[in-house]
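target-v4.cif follows (mmCIF, C-alpha atoms):
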```cif
data_model
#
loop_
_atom_site.group_PDB
_atom_site.id
_atom_site.type_symbol
_atom_site.label_atom_id
_atom_site.label_comp_id
_atom_site.auth_asym_id
_atom_site.auth_seq_id
_atom_site.Cartn_x
_atom_site.Cartn_y
_atom_site.Cartn_z
ATOM 1 C CA MET H 1 -11.128 15.873 1.638
ATOM 2 C CA THR H 2 -9.706 15.532 -1.872
ATOM 3 C CA ILE H 3 -10.440 11.818 -2.360
ATOM 4 C CA THR H 4 -13.830 10.124 -2.139
ATOM 5 C CA LEU H 5 -13.775 6.308 -2.173
ATOM 6 C CA VAL H 6 -16.739 4.583 -3.837
ATOM 7 C CA ASN H 7 -18.040 1.069 -4.471
ATOM 8 C CA PRO H 8 -20.388 1.637 -7.428
ATOM 9 C CA GLU H 9 -23.478 -0.515 -7.691
ATOM 10 C CA GLY H 10 -22.849 -3.395 -10.062
ATOM 11 C CA LEU H 11 -19.254 -4.005 -8.888
ATOM 12 C CA PRO H 12 -18.353 -6.412 -6.085
ATOM 13 C CA GLU H 13 -17.494 -5.042 -2.664
ATOM 14 C CA VAL H 14 -13.979 -6.042 -1.658
ATOM 15 C CA ASP H 15 -12.908 -5.880 1.993
ATOM 16 C CA ALA H 16 -9.388 -4.642 1.275
ATOM 17 C CA TYR H 17 -10.203 -1.662 -0.967
ATOM 18 C CA ARG H 18 -12.852 0.394 -2.757
ATOM 19 C CA GLN H 19 -13.328 0.028 -6.507
ATOM 20 C CA VAL H 20 -13.107 3.733 -7.403
ATOM 21 C CA SER H 21 -11.589 6.934 -6.072
ATOM 22 C CA VAL H 22 -12.790 10.353 -7.151
ATOM 23 C CA ALA H 23 -10.227 13.148 -6.842
ATOM 24 C CA THR H 24 -11.202 16.780 -6.426
ATOM 25 C CA GLY H 25 -7.792 18.164 -5.465
ATOM 26 C CA SER H 26 -5.309 19.901 -7.688
ATOM 27 C CA LYS H 27 -1.856 18.567 -6.823
ATOM 28 C CA LEU H 28 -0.854 15.072 -7.988
ATOM 29 C CA VAL H 29 1.718 13.233 -5.890
ATOM 30 C CA PHE H 30 3.476 10.110 -7.173
ATOM 31 C CA ILE H 31 5.287 8.117 -4.501
ATOM 32 C CA ALA H 32 8.049 5.769 -5.578
ATOM 33 C CA GLY H 33 7.687 2.129 -4.665
ATOM 34 C CA GLN H 34 8.385 1.775 -0.964
ATOM 35 C CA VAL H 35 10.129 -1.326 0.314
ATOM 36 C CA ALA H 36 10.741 -2.567 3.857
ATOM 37 C CA TRP H 37 13.629 -0.232 4.645
ATOM 38 C CA ASP H 38 13.784 1.743 7.843
ATOM 39 C CA ALA H 39 15.050 5.349 7.865
ATOM 40 C CA ASP H 40 18.659 4.071 7.884
ATOM 41 C CA GLY H 41 18.169 1.807 4.854
ATOM 42 C CA ALA H 42 18.135 -1.460 6.829
ATOM 43 C CA THR H 43 15.602 -4.123 5.782
ATOM 44 C CA VAL H 44 12.816 -4.634 8.329
ATOM 45 C CA GLY H 45 11.222 -8.067 8.790
ATOM 46 C CA GLU H 46 13.545 -10.245 6.738
ATOM 47 C CA GLY H 47 11.500 -13.264 5.595
ATOM 48 C CA ASP H 48 8.294 -11.906 7.216
ATOM 49 C CA LEU H 49 5.724 -10.716 4.661
ATOM 50 C CA ALA H 50 3.426 -9.104 7.251
ATOM 51 C CA ALA H 51 6.276 -7.115 8.824
ATOM 52 C CA GLN H 52 7.464 -5.958 5.414
ATOM 53 C CA VAL H 53 3.960 -4.923 4.305
ATOM 54 C CA GLU H 54 3.611 -2.949 7.534
ATOM 55 C CA GLN H 55 6.927 -1.156 6.946
ATOM 56 C CA CYS H 56 6.042 -0.389 3.325
ATOM 57 C CA TYR H 57 2.752 1.233 4.376
ATOM 58 C CA LEU H 58 4.511 3.181 7.123
ATOM 59 C CA ASN H 59 7.019 4.409 4.535
ATOM 60 C CA VAL H 60 4.202 5.501 2.210
ATOM 61 C CA GLY H 61 2.668 7.337 5.180
ATOM 62 C CA THR H 62 5.995 9.056 5.887
ATOM 63 C CA ALA H 63 6.339 10.083 2.234
ATOM 64 C CA LEU H 64 2.802 11.495 2.235
ATOM 65 C CA ALA H 65 3.382 13.424 5.456
ATOM 66 C CA GLY H 66 6.567 14.832 3.961
ATOM 67 C CA VAL H 67 4.538 16.629 1.286
ATOM 68 C CA GLY H 68 1.643 17.631 3.526
ATOM 69 C CA GLY H 69 -0.593 14.656 2.787
ATOM 70 C CA SER H 70 -1.995 11.546 4.436
ATOM 71 C CA PHE H 71 -3.600 8.247 3.438
ATOM 72 C CA ASP H 72 -6.862 10.161 3.044
ATOM 73 C CA ASP H 73 -5.276 11.676 -0.079
ATOM 74 C CA VAL H 74 -4.318 8.364 -1.728
ATOM 75 C CA ALA H 75 -6.139 7.779 -5.011
ATOM 76 C CA LYS H 76 -4.460 4.462 -5.974
ATOM 77 C CA LEU H 77 -2.007 1.913 -4.579
ATOM 78 C CA THR H 78 -0.028 -0.707 -6.452
ATOM 79 C CA VAL H 79 1.356 -3.625 -4.440
ATOM 80 C CA TYR H 80 4.056 -5.905 -5.855
ATOM 81 C CA VAL H 81 4.625 -9.210 -4.019
ATOM 82 C CA VAL H 82 7.454 -11.627 -4.780
ATOM 83 C CA ASP H 83 6.275 -15.123 -5.734
ATOM 84 C CA TRP H 84 2.629 -14.249 -5.030
ATOM 85 C CA THR H 85 0.182 -17.037 -4.254
ATOM 86 C CA PRO H 86 -3.298 -16.527 -2.772
ATOM 87 C CA ASP H 87 -2.306 -18.274 0.470
ATOM 88 C CA LYS H 88 -0.137 -15.192 1.238
ATOM 89 C CA MET H 89 -3.197 -12.932 1.498
ATOM 90 C CA PRO H 90 -3.702 -13.377 5.279
ATOM 91 C CA ARG H 91 -0.107 -12.237 5.961
ATOM 92 C CA LEU H 92 -0.504 -9.294 3.586
ATOM 93 C CA MET H 93 -3.743 -8.258 5.296
ATOM 94 C CA GLU H 94 -2.138 -8.683 8.727
ATOM 95 C CA GLY H 95 0.628 -6.250 7.784
ATOM 96 C CA LEU H 96 -1.879 -3.812 6.293
ATOM 97 C CA GLY H 97 -3.998 -3.980 9.447
ATOM 98 C CA ARG H 98 -1.038 -3.336 11.726
ATOM 99 C CA ALA H 99 0.115 -0.376 9.626
ATOM 100 C CA ALA H 100 -3.406 1.092 9.480
ATOM 101 C CA ALA H 101 -3.685 0.817 13.265
ATOM 102 C CA ARG H 102 -0.314 2.523 13.788
ATOM 103 C CA LEU H 103 -1.184 5.266 11.307
ATOM 104 C CA GLY H 104 -4.746 5.651 12.613
ATOM 105 C CA VAL H 105 -6.253 5.235 9.146
ATOM 106 C CA THR H 106 -8.441 2.951 7.095
ATOM 107 C CA ALA H 107 -6.284 2.462 4.005
ATOM 108 C CA ALA H 108 -8.814 1.350 1.398
ATOM 109 C CA PRO H 109 -8.172 3.212 -1.857
ATOM 110 C CA PRO H 110 -8.360 1.290 -5.133
ATOM 111 C CA ALA H 111 -5.415 -1.072 -5.354
ATOM 112 C CA SER H 112 -3.755 -3.485 -7.728
ATOM 113 C CA LEU H 113 -1.846 -6.524 -6.476
ATOM 114 C CA LEU H 114 0.783 -7.962 -8.789
ATOM 115 C CA GLY H 115 2.941 -11.019 -8.337
ATOM 116 C CA VAL H 116 6.543 -10.485 -9.433
ATOM 117 C CA ALA H 117 9.594 -12.716 -9.742
ATOM 118 C CA ALA H 118 11.917 -10.461 -7.723
ATOM 119 C CA LEU H 119 12.477 -6.946 -6.398
ATOM 120 C CA ASP H 120 15.568 -4.740 -6.150
ATOM 121 C CA VAL H 121 17.023 -6.495 -3.090
ATOM 122 C CA PRO H 122 16.666 -10.263 -2.582
ATOM 123 C CA ASP H 123 15.430 -9.774 1.022
ATOM 124 C CA HIS H 124 12.499 -7.602 -0.094
ATOM 125 C CA LEU H 125 9.212 -9.467 -0.381
ATOM 126 C CA VAL H 126 6.888 -6.544 -1.202
ATOM 127 C CA GLU H 127 6.930 -3.047 -2.692
ATOM 128 C CA ILE H 128 4.082 -0.521 -2.543
ATOM 129 C CA GLU H 129 3.692 2.611 -4.648
ATOM 130 C CA ALA H 130 1.026 5.274 -4.308
ATOM 131 C CA THR H 131 -0.616 8.075 -6.239
ATOM 132 C CA ALA H 132 -2.216 10.806 -4.139
ATOM 133 C CA VAL H 133 -4.121 14.010 -4.817
ATOM 134 C CA LEU H 134 -3.711 16.972 -2.482
ATOM 135 C CA GLY H 135 -6.108 19.889 -2.334
#
```

Translate the structure of the given file into structure tokens.
Amino acid sequence: MTITLVNPEGLPEVDAYRQVSVATGSKLVFIAGQVAWDADGATVGEGDLAAQVEQCYLNVGTALAGVGGSFDDVAKLTVYVVDWTPDKMPRLMEGLGRAAARLGVTAAPPASLLGVAALDVPDHLVEIEATAVLG
């Protein structure tokens, strides 16, 4: 495994992610921000944050598989949510949980969550980008 996820002593444990990832692989992979498009470019889950989060994670998984990787190789995620407020966290976590179950993974690499005013398409509520390290 090229990525080891760690919660160092002295930092809080967060349910959604680990504080640090240590990469031992040699091939960096940068995945463009994935939005809630299906393979045909149609928006999935219009108005439904959980459905869009799920689709974004599935798209990241597809991108990783396309280069011979998986979520086990993810060193860092960045999540952009339109008009973020903390009360949206349960829906975000619901979508993450559904995607993790479908992918058969525990997606817990270090992550940043940023609230943004808008994304590329008005119907998109979330965008997720990833950095991975392959062996």

Kindly give the distance, in Å, that separates CA of Val126 in chain H and CA of Gln34 in chain H, rounded to a single decimal.
8.5 Å

Hey, what's within 10 Å of range 29-31 of chain H if we count all atoms listed in the file and toss same-chain stuff fewer than 3 positions away? As a VMD selection string, please?
chain H and resid 26 34 59 to 60 63 to 64 67 69 73 to 77 128 to 134

Can you work out which one of H:Leu125, H:Val44, H:Leu113, H:Val105 has the shortest atom-to-atom distance to Asp83 in chain H, counting all atoms listed in the file?
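Among the listed residues, the smallest separation from Asp83 in chain H belongs to H:Leu125.
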
Tell me, in Å to one decimal, how far CA of Val14 in chain H is from CA of Ala36 in chain H.
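Answer for the CA of Val14 in chain H to CA of Ala36 in chain H separation: 25.6 Å.
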
Matched chain/residue IDs from the PyMOL selection byres ((chain H and resi 115) around 6), as a ChimeraX atom specification:
/H:80-84,114,116

Would you compute the distance between CA of Gln52 in chain H and CA of Gly66 in chain H? Give it in Å to one decimal.
20.9 Å

With distances taken over all atoms listed in the file, which residue among H:Asp123, H:Asp72, H:Glu9, H:Glu54 lies nearest Ala42 in chain H?
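Counting all atoms listed in the file, the residue closest to Ala42 in chain H is H:Asp123.
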
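Closest approach to Pro90 in chain H among H:Val35, H:Ala50, H:Ile3, H:Leu103: H:Ala50, based on all atoms listed in the file.
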
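With distances taken over all atoms listed in the file, H:Pro109 is the one residue among H:Pro122, H:Gly61, H:Pro109, H:Pro86 lying closest to Thr4 in chain H.
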
6 Å per side around range 41-53 of chain H: axis-aligned box centre and edge lengths, as JSON:
```
{"center_x": 10.8, "center_y": -5.7, "center_z": 6.6, "size_x": 26.7, "size_y": 27.1, "size_z": 16.5}
```

With all atoms listed in the file as the basis for distance, which of H:Leu58, H:Thr78, H:Glu46, H:Ala51 is at the shortest distance from Gly104 in chain H?
H:Leu58

From the list H:Leu28, H:Ala16, H:Leu11, H:Ala111, which residue is nearest Glu94 in chain H when using all atoms listed in the file?
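Among H:Leu28, H:Ala16, H:Leu11, H:Ala111, it is H:Ala16 that comes nearest to Glu94 in chain H.
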
I'd like the neighbourhood of Arg91 in chain H as a tab-separated table (two decimals) with C-alpha atoms, in the frame of the given file, where a residue qualifies if any of its atoms comes within 9 Å (using only C-alpha atoms), though same-chain residues fewer than 4 positions away should be ignored.
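Heads up, here's the output in result.tsv:
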```
chain	number	residue	atom	x	y	z
H	48	ASP	CA	8.29	-11.91	7.22
H	49	LEU	CA	5.72	-10.72	4.66
H	50	ALA	CA	3.43	-9.10	7.25
H	51	ALA	CA	6.28	-7.12	8.82
H	53	VAL	CA	3.96	-4.92	4.30
H	87	ASP	CA	-2.31	-18.27	0.47
H	95	GLY	CA	0.63	-6.25	7.78
H	96	LEU	CA	-1.88	-3.81	6.29
```

Where atoms are lacking, range 60-75 of chain H completed to N, CA and C atoms, as an mmCIF file, in the coordinates of the input:
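Once written, part_26.cif looks like this:
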```cif
data_model
loop_
_atom_site.group_PDB
_atom_site.id
_atom_site.type_symbol
_atom_site.label_atom_id
_atom_site.label_comp_id
_atom_site.auth_asym_id
_atom_site.auth_seq_id
_atom_site.Cartn_x
_atom_site.Cartn_y
_atom_site.Cartn_z
ATOM 1 N N VAL H 60 5.108 4.704 3.043
ATOM 2 C CA VAL H 60 4.202 5.501 2.210
ATOM 3 C C VAL H 60 3.610 6.629 3.053
ATOM 4 N N GLY H 61 3.205 6.317 4.279
ATOM 5 C CA GLY H 61 2.668 7.337 5.180
ATOM 6 C C GLY H 61 3.668 8.443 5.461
ATOM 7 N N THR H 62 4.937 8.075 5.651
ATOM 8 C CA THR H 62 5.995 9.056 5.887
ATOM 9 C C THR H 62 6.196 9.936 4.659
ATOM 10 N N ALA H 63 6.185 9.317 3.480
ATOM 11 C CA ALA H 63 6.339 10.083 2.234
ATOM 12 C C ALA H 63 5.190 11.066 2.068
ATOM 13 N N LEU H 64 3.969 10.616 2.340
ATOM 14 C CA LEU H 64 2.802 11.495 2.235
ATOM 15 C C LEU H 64 2.901 12.657 3.212
ATOM 16 N N ALA H 65 3.253 12.369 4.449
ATOM 17 C CA ALA H 65 3.382 13.424 5.456
ATOM 18 C C ALA H 65 4.446 14.437 5.049
ATOM 19 N N GLY H 66 5.485 13.958 4.388
ATOM 20 C CA GLY H 66 6.567 14.832 3.961
ATOM 21 C C GLY H 66 6.163 15.871 2.938
ATOM 22 N N VAL H 67 5.030 15.648 2.261
ATOM 23 C CA VAL H 67 4.538 16.629 1.286
ATOM 24 C C VAL H 67 3.194 17.217 1.714
ATOM 25 N N GLY H 68 2.862 17.041 3.000
ATOM 26 C CA GLY H 68 1.643 17.631 3.526
ATOM 27 C C GLY H 68 0.395 16.813 3.300
ATOM 28 N N GLY H 69 0.552 15.514 3.041
ATOM 29 C CA GLY H 69 -0.593 14.656 2.787
ATOM 30 C C GLY H 69 -0.744 13.560 3.823
ATOM 31 N N SER H 70 -1.742 12.703 3.586
ATOM 32 C CA SER H 70 -1.995 11.546 4.436
ATOM 33 C C SER H 70 -2.643 10.462 3.581
ATOM 34 N N PHE H 71 -2.944 9.325 4.190
ATOM 35 C CA PHE H 71 -3.600 8.247 3.438
ATOM 36 C C PHE H 71 -4.975 8.661 2.935
ATOM 37 N N ASP H 72 -5.574 9.664 3.542
ATOM 38 C CA ASP H 72 -6.862 10.161 3.044
ATOM 39 C C ASP H 72 -6.731 10.739 1.643
ATOM 40 N N ASP H 73 -5.520 11.077 1.227
ATOM 41 C CA ASP H 73 -5.276 11.676 -0.079
ATOM 42 C C ASP H 73 -4.895 10.660 -1.151
ATOM 43 N N VAL H 74 -4.759 9.389 -0.780
ATOM 44 C CA VAL H 74 -4.318 8.364 -1.728
ATOM 45 C C VAL H 74 -5.448 8.005 -2.683
ATOM 46 N N ALA H 75 -5.164 8.125 -3.979
ATOM 47 C CA ALA H 75 -6.139 7.779 -5.011
ATOM 48 C C ALA H 75 -5.959 6.349 -5.499
#
```
